[in-house]
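To start, the structure itself, in structure tokens.
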Protein chains: 2
Amino acid sequence: MSPDLKRELKQNKPFKSLCQEAQLNIVRTSNILVNDFERMLKPYGITGTQYNVLRILRGAEPAGLCRNEVAERLINRMPDATRLLDRMEDAGLVTRERSEADRRLVTTRITKEGKKLVDSLDDEVEAQHEKGLGHLGKKDLEKLIELLTLVRSHN
Amino acid sequence: MSPDLKRELKQNKPFKSLCQEAQLNIVRTSNILVNDFERMLKPYGITGTQYNVLRILRGAEPAGLCRNEVAERLINRMPDATRLLDRMEDAGLVTRERSEADRRLVTTRITKEGKKLVDSLDDEVEAQHEKGLGHLGKKDLEKLIELLTLVRSHN
DNA sequence: TGACATTAGATGTTATAACATCTATATTCC
DNA sequence: GGAATATAGATGTTATAACATCTAATGTCA
């Protein structure tokens with residue numbers, strides 16, 4: 001049970017510090033969860049980032065959001081938002097329209113088709129989260145969230 | 001303090017489940033730490049993955065490791081190991097040599113130059129870990145590691 | 001031995017990430 | 001009003017990731 005990270009990565013030396021061990025644990029665990037998540041999405045022809053954008057735009061209906069607002073709400077930074085949205089527009093998942101009030105802005109909205117796709121994935125997404133983390137109890141999950149929030153708290 | 005993730009991502013709806021909230025916290029925290037780490041490495045002309053490969057090869061001296069052994073020890077999977085090592089070879093950080101015993105294998109070793117680079121980064125790397133996680137106490141770090149190990153324990 | 005499967009790695013191709021630079025529009029402030 | 005600055009986004013380029021396919025060497029077993 002719980003083979004530790006050192007064994008997982010076939011390392012023979014101990015970690016240099018507790019901070020390092022914690023950081024590697026966070027990153028490793030994230031990578032595993034993200035990989036599983038992307039694999040689950042693959043049959044539907046979208047990436048994890050695209051899925052997250054769809055979620056964000058679904059939550060912003062019917063007003064929509066401009067490019068930078070979408071980027072701000074993403075879990076990971078996305079320097080190339082324009083072309084990601086281009087691809088999603090080509091795929092019929094979003095529409096874009098230049099704002100009348102401020103012509104620098106381009107409002108992006110989810111299409112009916114995009115909403116249908118993301119709605120249809122809700123159960124499978126929840127199942128993936130459950131599969132990856134459901135074996136922890138409520139107490140442990142809450143403690144984990146608390147500690148990670150604390151990690152992020154200082155910058 | 002500790003603005004929670006919901007606020008960070010400007011979400012107005014609560015998370016669907018505790019599992020989902022935990023997963024997003026893990027991934028978000030990892031992204032922040034990885035971004036900081038990569039930014040720190042940038043002046044030295046290597047990526048995070050390249051740094052990790054150098055660490056692995058430094059730990060495998062003087063025997064070296066073949067391509068797949070390197071890939072297995074990485075924090076994240078690397079389907080394109082060949083060309084990553086190509087680039088590192090071009091940069092003078094590693095050498096490669098086809099094994100005599102089994103001519104399918106190519107043994108990769110860190111060069112003197114590569115070792116010098118990774119040695120010179122040790123302090124800065126530790127400082128980055130300290131900066132990102134040092135504000136947690138020993139108890140909290142240990143608990144965090146324990147919980148993340150538990151997350152990874154079941155598959 | 002020879003057909004077949006397996007393994008290690010290389011290579012071709014496409015998609016995406018990362019970064020710098022550029023254009024158009026708005027805002028600031030004299 | 002107009003120059004300077006800031007902001008939103010588009011575009012060009014390079015590097016890397018992802019995936020499939022290919023070649024060479026080894027192992028398996030009739």
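Within each chain, counting starts at residue 1; across the structure tokens, chains are named A, B, ... in the order shown, with ligands numbered 1 upward in that order.
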
Please find the residues of chain A near chain B - the criterion being any atom within 8 Å, counting only C-alpha atoms - and write them as a ChimeraX atom specification. /A:1-5,8-11,17-34,72-76,126,129-130,132-136,138,140-142,144-145,147-154

Hey, list the chain B side of the contact with chain D: 12 Å cut-off, only C-alpha atoms (C1' of nucleotides), answer as a ChimeraX atom specification. /B:46-47,49-50,76-81,83-84,87,98-105

Filtering to C-alpha atoms, could you give me those residues as a PDB file, in the first residue's frame?
```pdb
ATOM      1  CA  ILE B  46      16.884  24.197 -20.070  1.00  0.00           C
ATOM      2  CA  THR B  47      13.302  23.105 -19.528  1.00  0.00           C
ATOM      3  CA  THR B  49      11.970  18.036 -18.181  1.00  0.00           C
ATOM      4  CA  GLN B  50      15.578  18.501 -19.248  1.00  0.00           C
ATOM      5  CA  ASN B  76       5.699  12.875 -16.105  1.00  0.00           C
ATOM      6  CA  ARG B  77       5.530  10.496 -19.017  1.00  0.00           C
ATOM      7  CA  MET B  78       7.617  11.405 -22.016  1.00  0.00           C
ATOM      8  CA  PRO B  79       6.583   9.721 -25.249  1.00  0.00           C
ATOM      9  CA  ASP B  80       9.213  11.525 -27.270  1.00  0.00           C
ATOM     10  CA  ALA B  81      12.296  10.724 -25.233  1.00  0.00           C
ATOM     11  CA  ARG B  83      14.315  13.693 -29.541  1.00  0.00           C
ATOM     12  CA  LEU B  84      14.532  15.239 -26.103  1.00  0.00           C
ATOM     13  CA  ARG B  87      18.484  18.054 -28.141  1.00  0.00           C
ATOM     14  CA  ARG B  98      25.005   2.008 -28.345  1.00  0.00           C
ATOM     15  CA  SER B  99      25.434  -0.916 -25.987  1.00  0.00           C
ATOM     16  CA  GLU B 100      27.709  -3.760 -27.057  1.00  0.00           C
ATOM     17  CA  ALA B 101      25.876  -6.466 -25.131  1.00  0.00           C
ATOM     18  CA  ASP B 102      22.447  -5.661 -26.542  1.00  0.00           C
ATOM     19  CA  ARG B 103      22.663  -3.535 -29.614  1.00  0.00           C
ATOM     20  CA  ARG B 104      19.086  -2.360 -29.278  1.00  0.00           C
ATOM     21  CA  LEU B 105      20.019  -0.374 -26.191  1.00  0.00           C
TER      22      LEU B 105
END
```

Interface list for chain C, partner chain A, 10 Å threshold, only C-alpha atoms (C1' of nucleotides), as a PDB file with N, CA and C atoms (P, O5', C5', C4', C3', O3' and C1' of nucleotides), in the first residue's frame:
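The resulting part29.pdb:
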```
ATOM      1  P    DT C  16      -4.837  20.617 -30.992  1.00  0.00           P
ATOM      2  O5'  DT C  16      -3.772  21.316 -30.052  1.00  0.00           O
ATOM      3  C5'  DT C  16      -3.141  20.514 -29.060  1.00  0.00           C
ATOM      4  C4'  DT C  16      -1.900  21.204 -28.582  1.00  0.00           C
ATOM      5  C3'  DT C  16      -2.154  22.568 -27.948  1.00  0.00           C
ATOM      6  O3'  DT C  16      -1.855  22.408 -26.581  1.00  0.00           O
ATOM      7  C1'  DT C  16      -0.194  22.544 -29.294  1.00  0.00           C
ATOM      8  P    DA C  17      -2.030  23.597 -25.558  1.00  0.00           P
ATOM      9  O5'  DA C  17      -0.511  24.107 -25.407  1.00  0.00           O
ATOM     10  C5'  DA C  17       0.501  23.135 -25.184  1.00  0.00           C
ATOM     11  C4'  DA C  17       1.814  23.817 -24.908  1.00  0.00           C
ATOM     12  C3'  DA C  17       1.744  25.096 -24.100  1.00  0.00           C
ATOM     13  O3'  DA C  17       2.835  25.073 -23.206  1.00  0.00           O
ATOM     14  C1'  DA C  17       2.755  25.533 -26.195  1.00  0.00           C
ATOM     15  P    DA C  18       3.146  26.265 -22.223  1.00  0.00           P
ATOM     16  O5'  DA C  18       4.140  27.158 -23.089  1.00  0.00           O
ATOM     17  C5'  DA C  18       5.402  26.617 -23.456  1.00  0.00           C
ATOM     18  C4'  DA C  18       6.239  27.710 -24.065  1.00  0.00           C
ATOM     19  C3'  DA C  18       6.147  29.062 -23.362  1.00  0.00           C
ATOM     20  O3'  DA C  18       7.468  29.518 -23.165  1.00  0.00           O
ATOM     21  C1'  DA C  18       5.733  29.305 -25.678  1.00  0.00           C
ATOM     22  P    DC C  19       7.760  30.788 -22.235  1.00  0.00           P
ATOM     23  O5'  DC C  19       8.020  31.915 -23.316  1.00  0.00           O
ATOM     24  C5'  DC C  19       9.050  31.704 -24.289  1.00  0.00           C
ATOM     25  C4'  DC C  19       8.915  32.706 -25.397  1.00  0.00           C
ATOM     26  C3'  DC C  19       8.651  34.134 -24.928  1.00  0.00           C
ATOM     27  O3'  DC C  19       9.789  34.924 -25.220  1.00  0.00           O
ATOM     28  C1'  DC C  19       7.400  33.558 -26.856  1.00  0.00           C
ATOM     29  P    DA C  24      -4.019  48.171 -38.347  1.00  0.00           P
ATOM     30  O5'  DA C  24      -5.082  48.201 -37.171  1.00  0.00           O
ATOM     31  C5'  DA C  24      -5.960  47.099 -37.026  1.00  0.00           C
ATOM     32  C4'  DA C  24      -6.783  47.293 -35.772  1.00  0.00           C
ATOM     33  C3'  DA C  24      -7.456  48.670 -35.696  1.00  0.00           C
ATOM     34  O3'  DA C  24      -8.813  48.477 -35.326  1.00  0.00           O
ATOM     35  C1'  DA C  24      -6.189  48.272 -33.735  1.00  0.00           C
ATOM     36  P    DT C  25      -9.828  49.718 -35.389  1.00  0.00           P
ATOM     37  O5'  DT C  25     -10.033  50.065 -33.835  1.00  0.00           O
ATOM     38  C5'  DT C  25     -10.552  49.072 -32.998  1.00  0.00           C
ATOM     39  C4'  DT C  25     -10.267  49.437 -31.558  1.00  0.00           C
ATOM     40  C3'  DT C  25     -10.903  50.751 -31.101  1.00  0.00           C
ATOM     41  O3'  DT C  25     -11.887  50.417 -30.132  1.00  0.00           O
ATOM     42  C1'  DT C  25      -8.693  50.482 -30.278  1.00  0.00           C
ATOM     43  P    DA C  26     -12.916  51.513 -29.529  1.00  0.00           P
ATOM     44  O5'  DA C  26     -12.462  51.721 -28.028  1.00  0.00           O
ATOM     45  C5'  DA C  26     -11.117  51.560 -27.719  1.00  0.00           C
ATOM     46  C4'  DA C  26     -10.877  51.565 -26.236  1.00  0.00           C
ATOM     47  C3'  DA C  26     -11.441  52.763 -25.485  1.00  0.00           C
ATOM     48  O3'  DA C  26     -11.575  52.418 -24.121  1.00  0.00           O
ATOM     49  C1'  DA C  26      -9.095  52.998 -25.750  1.00  0.00           C
TER      50       DA C  26
END
```

Tell me which protein, DNA and RNA residues are within 9 Å of Arg58 in chain B, counting only C-alpha atoms (C1' of nucleotides), leaving out same-chain ones fewer than 4 positions away, and put them as a list in words. Val53, Leu54, Pro62, Gly64, Arg109, Ile110, Gly114, Lys115 and Val118 of chain B
